[in-house]
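Visitor: Structure below; questions to follow.
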Amino acid sequence: MSYLKHLLLLPTLLVLASCSFFGSGDLDLTEPVDLENFDEQIRINRVWRHDIGKGPGDIHPVVYPAIDGNQLFVGDHAGQVTAIDLTTGRRLWRAEIDDVEITGATGAGGDIVVVGTNEGEVIALSQADGSELWRTKVSSEVLTAPATNGNVVVVVSVDGKVRGLSATDGSEMWLADSILPLLSVRGNAPPLIVSSLPGPNFAGLPVVFIAQDSGKVAAYSLRDGIQIWEARVAVPEGQTDLERMVDIDGIPLYHSGSLYAVSYQGGLMAINPLNGQPVWFQDASSNVGPSAFAGSLVITQDDGTVKAFNASAGSEFWSTDEYAYRGLNQSVTTSNYVVFADFEGYLHFLSRRTGQTVGRIKVDGSGVRSPTMLYNDHFIVLDNSGDISAYSVTELD
């Protein structure tokens, strides 16, 4: 398989203001490297697996499964939403939403599950049984998962508008807007809700962070949508619109009192969440968000390079190009491992301390684009064909 397929048929992913933009020499499509042999140090076991319906495949928007408490909720593009008990691996319910294409999935919080559609509908279901509670029409297509704390549902639509909806009935509470660039990757980063920031000015104030196609991150009050600050993570550079794309399509990360965001063709930035000021910056390029554990911050770049940084200072711990151009998804980082999947459906385990590969298992030949997730000691993976699986790890003697 060529890297062209992993780029998700790039012309369909780009939102173009001009259809005649591309020239013959604009794209450098590099073949993915072959996987190398390694010293196996762990045994990886599949704990459970469920078919959730129609997976994201190569061209649909990335599906973000949602974990709330001990339950996992995931939607498919054909209108199905599935709930799974993470303690037992048992499917709790499956809801069929007729005549909709779910393009923004999935948000969960309080007592509700929320999805968005290609027709600009936001639909809330009961966490208890999947029954529909309400639906609201917004201004344009919803391509990413809404977020909710059980009181407010935050929705980003493809026209750049950000809405806060009542989790009770879907009525609009507030509206914010952002300026869209001429050209961007098709898709948006999910909103990130933080219940309270440190310091007397923010104590008890829930905040939502929104990553934008312009390479900026903005903080809004979750209660009324008032913008608190805006930070530029990446500055557009180059002569063509393609070269100047600096989208942030990966969800920002709030970890140990700091906010982290990485852009395409821009950089990785640590941001002071109280005022939006940069703490440190490193050149980087990624369409997925970072992960972290303790003092380690990890990114999987769009060229397949995996890098680990000191989360507080920004200095590089290690880097590996062993997975170059293999279309890596968003990783999860634990005390021992950095775990991510690739376009061929392999799930890779690296040592968090050294970056060396210690384990690998084939999940599914369709590949994986949805982010790797963690629940207790289980690694959760949704593959492109629509199967979601949990894996556990045992260290070898």
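Starting from 1 in every chain, residues are counted up; chains themselves are A, B, ... following the order of the structure tokens, and ligands are numbered from 1 as listed.
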Going by DSSP on the backbone, which residues of range 248-320 of chain A come out as strand (DSSP E)? List them as a VMD selection string.

Guide: chain A and resid 253 to 255 258 to 262 266 to 271 278 to 284 291 to 293 296 to 300 306 to 310 316 to 320

Visitor: Skip Gly53 in chain A itself and residues of its chain fewer than 2 positions away, then list as a PyMOL selection string all residues within 7 Å of it, counting only C-alpha atoms.

Guide: chain A and resi 51+55+76+80+386

Visitor: Write out as a tab-separated table the residues of range 37-92 of chain A that have any atom within 9 Å of an atom of range 365-382 of chain A, one row each with the nearest atom pair and its distance in Å to one decimal, counting only C-alpha atoms, sorted by chain and then rising number.

Guide:
```
residue	atom	partner	partner_atom	distance
A:Val47	CA	A:His378	CA	8.2
A:Ile52	CA	A:Leu382	CA	9.0
A:Gly55	CA	A:Leu382	CA	8.1
A:Pro56	CA	A:Arg369	CA	7.9
A:Gly57	CA	A:Ser366	CA	7.3
A:Asp58	CA	A:Arg369	CA	8.2
A:Val62	CA	A:Ser370	CA	5.6
A:Val63	CA	A:Ser370	CA	5.5
A:Tyr64	CA	A:Ser370	CA	6.0
A:Pro65	CA	A:Ser370	CA	7.9
A:Ile67	CA	A:Tyr375	CA	8.3
A:Asn70	CA	A:Tyr375	CA	8.2
A:Leu86	CA	A:Tyr375	CA	7.5
```

Visitor: Using only C-alpha atoms, find the one residue out of A:Leu205, A:Ile210, A:Val100, A:Ala66 that sits nearest to Val154 in chain A.

Guide: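 For Val154 in chain A, the nearest of the given residues is A:Ile210.
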
Visitor: Go through range 297-376 of chain A residue by residue and, counting only C-alpha atoms, keep those with an atom at most 9 Å from range 277-291 of chain A; for each kept residue give the shortest atom pair and its distance in Å to one decimal, ordered by chain and increasing number, as JSON lines.

Guide:
```
{"residue": "A:Leu297", "atom": "CA", "partner": "A:Ser291", "partner_atom": "CA", "distance": 5.9}
{"residue": "A:Val298", "atom": "CA", "partner": "A:Ser291", "partner_atom": "CA", "distance": 5.3}
{"residue": "A:Ile299", "atom": "CA", "partner": "A:Pro290", "partner_atom": "CA", "distance": 4.8}
{"residue": "A:Thr300", "atom": "CA", "partner": "A:Ser286", "partner_atom": "CA", "distance": 6.7}
{"residue": "A:Gln301", "atom": "CA", "partner": "A:Ser286", "partner_atom": "CA", "distance": 4.5}
{"residue": "A:Asp302", "atom": "CA", "partner": "A:Ser286", "partner_atom": "CA", "distance": 4.8}
{"residue": "A:Asp303", "atom": "CA", "partner": "A:Ser285", "partner_atom": "CA", "distance": 8.0}
{"residue": "A:Ser312", "atom": "CA", "partner": "A:Trp280", "partner_atom": "CA", "distance": 8.3}
{"residue": "A:Ala313", "atom": "CA", "partner": "A:Trp280", "partner_atom": "CA", "distance": 6.8}
{"residue": "A:Gly314", "atom": "CA", "partner": "A:Trp280", "partner_atom": "CA", "distance": 6.0}
{"residue": "A:Ser315", "atom": "CA", "partner": "A:Gln282", "partner_atom": "CA", "distance": 8.5}
{"residue": "A:Leu328", "atom": "CA", "partner": "A:Val288", "partner_atom": "CA", "distance": 8.7}
{"residue": "A:Asn329", "atom": "CA", "partner": "A:Val288", "partner_atom": "CA", "distance": 6.7}
{"residue": "A:Gln330", "atom": "CA", "partner": "A:Val288", "partner_atom": "CA", "distance": 5.3}
{"residue": "A:Ser331", "atom": "CA", "partner": "A:Ser291", "partner_atom": "CA", "distance": 6.1}
{"residue": "A:Val332", "atom": "CA", "partner": "A:Ser291", "partner_atom": "CA", "distance": 5.4}
{"residue": "A:Thr333", "atom": "CA", "partner": "A:Ser291", "partner_atom": "CA", "distance": 5.8}
{"residue": "A:Val338", "atom": "CA", "partner": "A:Ser291", "partner_atom": "CA", "distance": 8.7}
{"residue": "A:Pro371", "atom": "CA", "partner": "A:Val288", "partner_atom": "CA", "distance": 8.1}
```

Visitor: Could you turn the residues from that selection into a file that holds N, CA and C atoms, as a PDB file, in the first residue's frame?

Guide:
```pdb
ATOM      1  N   LEU A 297       6.390  13.811  27.387  1.00  0.00           N
ATOM      2  CA  LEU A 297       5.396  14.231  26.403  1.00  0.00           C
ATOM      3  C   LEU A 297       5.784  13.613  25.068  1.00  0.00           C
ATOM      4  N   VAL A 298       4.826  12.975  24.384  1.00  0.00           N
ATOM      5  CA  VAL A 298       5.136  12.220  23.171  1.00  0.00           C
ATOM      6  C   VAL A 298       4.257  12.691  22.021  1.00  0.00           C
ATOM      7  N   ILE A 299       4.862  12.805  20.823  1.00  0.00           N
ATOM      8  CA  ILE A 299       4.087  13.091  19.623  1.00  0.00           C
ATOM      9  C   ILE A 299       4.443  12.075  18.537  1.00  0.00           C
ATOM     10  N   THR A 300       3.438  11.722  17.739  1.00  0.00           N
ATOM     11  CA  THR A 300       3.657  10.957  16.514  1.00  0.00           C
ATOM     12  C   THR A 300       3.463  11.927  15.353  1.00  0.00           C
ATOM     13  N   GLN A 301       4.516  12.151  14.580  1.00  0.00           N
ATOM     14  CA  GLN A 301       4.477  13.160  13.535  1.00  0.00           C
ATOM     15  C   GLN A 301       3.903  12.596  12.242  1.00  0.00           C
ATOM     16  N   ASP A 302       3.536  13.504  11.326  1.00  0.00           N
ATOM     17  CA  ASP A 302       2.939  13.051  10.076  1.00  0.00           C
ATOM     18  C   ASP A 302       3.950  12.336   9.189  1.00  0.00           C
ATOM     19  N   ASP A 303       5.259  12.495   9.423  1.00  0.00           N
ATOM     20  CA  ASP A 303       6.253  11.736   8.669  1.00  0.00           C
ATOM     21  C   ASP A 303       6.607  10.423   9.351  1.00  0.00           C
ATOM     22  N   SER A 312       8.137  19.647  30.910  1.00  0.00           N
ATOM     23  CA  SER A 312       8.253  20.960  31.541  1.00  0.00           C
ATOM     24  C   SER A 312       9.247  21.876  30.836  1.00  0.00           C
ATOM     25  N   ALA A 313      10.304  21.309  30.241  1.00  0.00           N
ATOM     26  CA  ALA A 313      11.348  22.138  29.638  1.00  0.00           C
ATOM     27  C   ALA A 313      11.358  22.098  28.118  1.00  0.00           C
ATOM     28  N   GLY A 314      10.782  21.059  27.505  1.00  0.00           N
ATOM     29  CA  GLY A 314      10.746  20.963  26.059  1.00  0.00           C
ATOM     30  C   GLY A 314      11.957  20.317  25.432  1.00  0.00           C
ATOM     31  N   SER A 315      12.945  19.908  26.223  1.00  0.00           N
ATOM     32  CA  SER A 315      14.122  19.248  25.666  1.00  0.00           C
ATOM     33  C   SER A 315      13.758  17.842  25.204  1.00  0.00           C
ATOM     34  N   LEU A 328       0.867   7.078  11.490  1.00  0.00           N
ATOM     35  CA  LEU A 328       0.642   6.754  12.893  1.00  0.00           C
ATOM     36  C   LEU A 328      -0.550   7.516  13.457  1.00  0.00           C
ATOM     37  N   ASN A 329      -1.291   6.850  14.328  1.00  0.00           N
ATOM     38  CA  ASN A 329      -2.406   7.507  15.011  1.00  0.00           C
ATOM     39  C   ASN A 329      -1.903   8.187  16.272  1.00  0.00           C
ATOM     40  N   GLN A 330      -2.806   8.776  17.035  1.00  0.00           N
ATOM     41  CA  GLN A 330      -2.427   9.416  18.297  1.00  0.00           C
ATOM     42  C   GLN A 330      -2.047   8.340  19.305  1.00  0.00           C
ATOM     43  N   SER A 331      -0.927   8.534  19.960  1.00  0.00           N
ATOM     44  CA  SER A 331      -0.420   7.563  20.925  1.00  0.00           C
ATOM     45  C   SER A 331      -1.083   7.736  22.282  1.00  0.00           C
ATOM     46  N   VAL A 332      -0.852   6.762  23.145  1.00  0.00           N
ATOM     47  CA  VAL A 332      -1.132   6.904  24.560  1.00  0.00           C
ATOM     48  C   VAL A 332       0.162   6.566  25.292  1.00  0.00           C
ATOM     49  N   THR A 333       0.463   7.297  26.353  1.00  0.00           N
ATOM     50  CA  THR A 333       1.710   7.108  27.089  1.00  0.00           C
ATOM     51  C   THR A 333       1.395   6.696  28.522  1.00  0.00           C
ATOM     52  N   VAL A 338       4.935   3.708  25.355  1.00  0.00           N
ATOM     53  CA  VAL A 338       4.275   4.582  24.387  1.00  0.00           C
ATOM     54  C   VAL A 338       3.631   3.650  23.370  1.00  0.00           C
ATOM     55  N   PRO A 371      -7.689   7.484  17.759  1.00  0.00           N
ATOM     56  CA  PRO A 371      -6.619   7.528  18.762  1.00  0.00           C
ATOM     57  C   PRO A 371      -6.593   6.290  19.643  1.00  0.00           C
TER      58      PRO A 371
END
```

Visitor: Please provide the set of residues having any atom within 9 Å of Ala211 in chain A, restricted to only C-alpha atoms, with same-chain residues fewer than 3 positions apart removed, written as a list in words.

Guide: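 Neighbouring residues, sequence-local ones excluded: Asn188, Ala189, Pro190, Pro191, Leu192, Ser214, Gly215, Lys216, Val217, Ala218, Asp247, Ile248, Asp249, Gly250, Ile251, Pro252 and Ala261 of chain A.
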
Visitor: Export N, CA and C atoms of the chosen residues as a PDB file, in the first residue's frame?

Guide:
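out.pdb written:
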```pdb
ATOM      1  N   ASN A 188     -11.622  18.825  12.084  1.00  0.00           N
ATOM      2  CA  ASN A 188     -11.385  19.738  13.206  1.00  0.00           C
ATOM      3  C   ASN A 188     -10.936  18.939  14.409  1.00  0.00           C
ATOM      4  N   ALA A 189     -10.251  19.618  15.318  1.00  0.00           N
ATOM      5  CA  ALA A 189      -9.901  18.992  16.587  1.00  0.00           C
ATOM      6  C   ALA A 189     -11.104  19.028  17.520  1.00  0.00           C
ATOM      7  N   PRO A 190     -11.347  17.957  18.277  1.00  0.00           N
ATOM      8  CA  PRO A 190     -12.421  18.004  19.273  1.00  0.00           C
ATOM      9  C   PRO A 190     -12.148  19.070  20.334  1.00  0.00           C
ATOM     10  N   PRO A 191     -13.193  19.676  20.877  1.00  0.00           N
ATOM     11  CA  PRO A 191     -13.002  20.604  21.995  1.00  0.00           C
ATOM     12  C   PRO A 191     -12.441  19.862  23.212  1.00  0.00           C
ATOM     13  N   LEU A 192     -11.711  20.586  24.044  1.00  0.00           N
ATOM     14  CA  LEU A 192     -11.171  20.027  25.279  1.00  0.00           C
ATOM     15  C   LEU A 192     -11.731  20.820  26.453  1.00  0.00           C
ATOM     16  N   SER A 214      -6.423  27.767  11.840  1.00  0.00           N
ATOM     17  CA  SER A 214      -5.465  28.850  11.611  1.00  0.00           C
ATOM     18  C   SER A 214      -4.158  28.659  12.365  1.00  0.00           C
ATOM     19  N   GLY A 215      -4.020  27.569  13.126  1.00  0.00           N
ATOM     20  CA  GLY A 215      -2.810  27.348  13.898  1.00  0.00           C
ATOM     21  C   GLY A 215      -2.847  27.981  15.274  1.00  0.00           C
ATOM     22  N   LYS A 216      -4.043  28.372  15.723  1.00  0.00           N
ATOM     23  CA  LYS A 216      -4.200  29.000  17.032  1.00  0.00           C
ATOM     24  C   LYS A 216      -4.981  28.077  17.965  1.00  0.00           C
ATOM     25  N   VAL A 217      -4.815  28.313  19.262  1.00  0.00           N
ATOM     26  CA  VAL A 217      -5.638  27.694  20.289  1.00  0.00           C
ATOM     27  C   VAL A 217      -6.292  28.816  21.081  1.00  0.00           C
ATOM     28  N   ALA A 218      -7.584  28.698  21.329  1.00  0.00           N
ATOM     29  CA  ALA A 218      -8.307  29.724  22.087  1.00  0.00           C
ATOM     30  C   ALA A 218      -8.954  29.084  23.304  1.00  0.00           C
ATOM     31  N   ASP A 247      -2.922  23.789  10.268  1.00  0.00           N
ATOM     32  CA  ASP A 247      -4.069  23.313  11.041  1.00  0.00           C
ATOM     33  C   ASP A 247      -3.635  22.619  12.333  1.00  0.00           C
ATOM     34  N   ILE A 248      -4.452  22.773  13.355  1.00  0.00           N
ATOM     35  CA  ILE A 248      -4.336  21.944  14.556  1.00  0.00           C
ATOM     36  C   ILE A 248      -5.557  21.036  14.558  1.00  0.00           C
ATOM     37  N   ASP A 249      -5.369  19.797  14.107  1.00  0.00           N
ATOM     38  CA  ASP A 249      -6.475  18.853  14.016  1.00  0.00           C
ATOM     39  C   ASP A 249      -6.455  17.819  15.121  1.00  0.00           C
ATOM     40  N   GLY A 250      -5.365  17.750  15.887  1.00  0.00           N
ATOM     41  CA  GLY A 250      -5.305  16.862  17.037  1.00  0.00           C
ATOM     42  C   GLY A 250      -5.768  17.584  18.295  1.00  0.00           C
ATOM     43  N   ILE A 251      -6.460  16.854  19.154  1.00  0.00           N
ATOM     44  CA  ILE A 251      -6.996  17.466  20.362  1.00  0.00           C
ATOM     45  C   ILE A 251      -5.854  17.928  21.265  1.00  0.00           C
ATOM     46  N   PRO A 252      -5.892  19.165  21.776  1.00  0.00           N
ATOM     47  CA  PRO A 252      -4.867  19.607  22.720  1.00  0.00           C
ATOM     48  C   PRO A 252      -4.875  18.738  23.977  1.00  0.00           C
ATOM     49  N   ALA A 261      -0.202  21.689  22.505  1.00  0.00           N
ATOM     50  CA  ALA A 261      -0.854  21.575  21.204  1.00  0.00           C
ATOM     51  C   ALA A 261       0.213  21.452  20.134  1.00  0.00           C
TER      52      ALA A 261
END
```

Visitor: With 7 Å as the cut-off and only C-alpha atoms counted, what is the closest atom pair between each nearby residue of range 260-336 of chain A and range 341-361 of chain A? Distances in Å to one decimal, ordered by chain and number, as a tab-separated table.

Guide:
```
residue	atom	partner	partner_atom	distance
A:Trp318	CA	A:Gly355	CA	6.4
A:Ser319	CA	A:Gly355	CA	6.9
A:Thr320	CA	A:Gly355	CA	6.8
A:Arg326	CA	A:Asp342	CA	5.7
A:Gly327	CA	A:Phe343	CA	5.2
A:Leu328	CA	A:Asp342	CA	4.5
A:Asn329	CA	A:Ala341	CA	5.7
A:Asn336	CA	A:Arg352	CA	5.3
```

Visitor: Suppose we keep N, CA and C atoms; can you now write the selection as an mmCIF file, in the first residue's frame?

Guide:
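Contents of the output file out.cif:
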```
data_model
loop_
_atom_site.group_PDB
_atom_site.id
_atom_site.type_symbol
_atom_site.label_atom_id
_atom_site.label_comp_id
_atom_site.auth_asym_id
_atom_site.auth_seq_id
_atom_site.Cartn_x
_atom_site.Cartn_y
_atom_site.Cartn_z
ATOM 1 N N TRP A 318 14.149 11.448 23.364
ATOM 2 C CA TRP A 318 14.545 10.511 22.315
ATOM 3 C C TRP A 318 13.671 10.724 21.087
ATOM 4 N N SER A 319 14.135 10.161 19.981
ATOM 5 C CA SER A 319 13.403 10.247 18.718
ATOM 6 C C SER A 319 13.697 8.991 17.916
ATOM 7 N N THR A 320 12.692 8.494 17.190
ATOM 8 C CA THR A 320 12.903 7.342 16.330
ATOM 9 C C THR A 320 12.174 7.525 15.010
ATOM 10 N N ARG A 326 4.402 5.616 8.163
ATOM 11 C CA ARG A 326 3.477 4.508 8.394
ATOM 12 C C ARG A 326 2.120 5.003 8.902
ATOM 13 N N GLY A 327 1.868 6.296 8.789
ATOM 14 C CA GLY A 327 0.547 6.827 9.095
ATOM 15 C C GLY A 327 0.128 6.554 10.519
ATOM 16 N N LEU A 328 0.867 7.078 11.490
ATOM 17 C CA LEU A 328 0.642 6.754 12.893
ATOM 18 C C LEU A 328 -0.550 7.516 13.457
ATOM 19 N N ASN A 329 -1.291 6.850 14.328
ATOM 20 C CA ASN A 329 -2.406 7.507 15.011
ATOM 21 C C ASN A 329 -1.903 8.187 16.272
ATOM 22 N N ASN A 336 5.245 2.846 31.563
ATOM 23 C CA ASN A 336 6.254 2.015 30.906
ATOM 24 C C ASN A 336 6.296 2.132 29.392
#
```

Visitor: Neighbouring residues of Arg223 in chain A were defined as those with any atom within 10 Å, considering only C-alpha atoms; residues of the same chain fewer than 4 positions away were excluded. Please report them as a ChimeraX atom specification.

Guide: /A:151-152,164,173-174,205-208

Visitor: Just how far from CA of Glu172 in chain A is CA of Leu125 in chain A, in Å to one decimal?

Guide: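 Going from CA of Leu125 in chain A over to CA of Glu172 in chain A, I get 17.4 Å.
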
Visitor: With distances taken over only C-alpha atoms, which residue among A:Glu230, A:Glu322, A:Asp213, A:Asp387 lies nearest Phe38 in chain A?

Guide: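 For Phe38 in chain A, the nearest of the given residues is A:Glu322.
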
Visitor: Measuring atom to atom with only C-alpha atoms, identify which of A:Thr240, A:Asn37, A:Ser157, A:Val235 is nearest to Gly266 in chain A.

Guide: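 Closest to Gly266 in chain A, using only C-alpha atoms: A:Val235.
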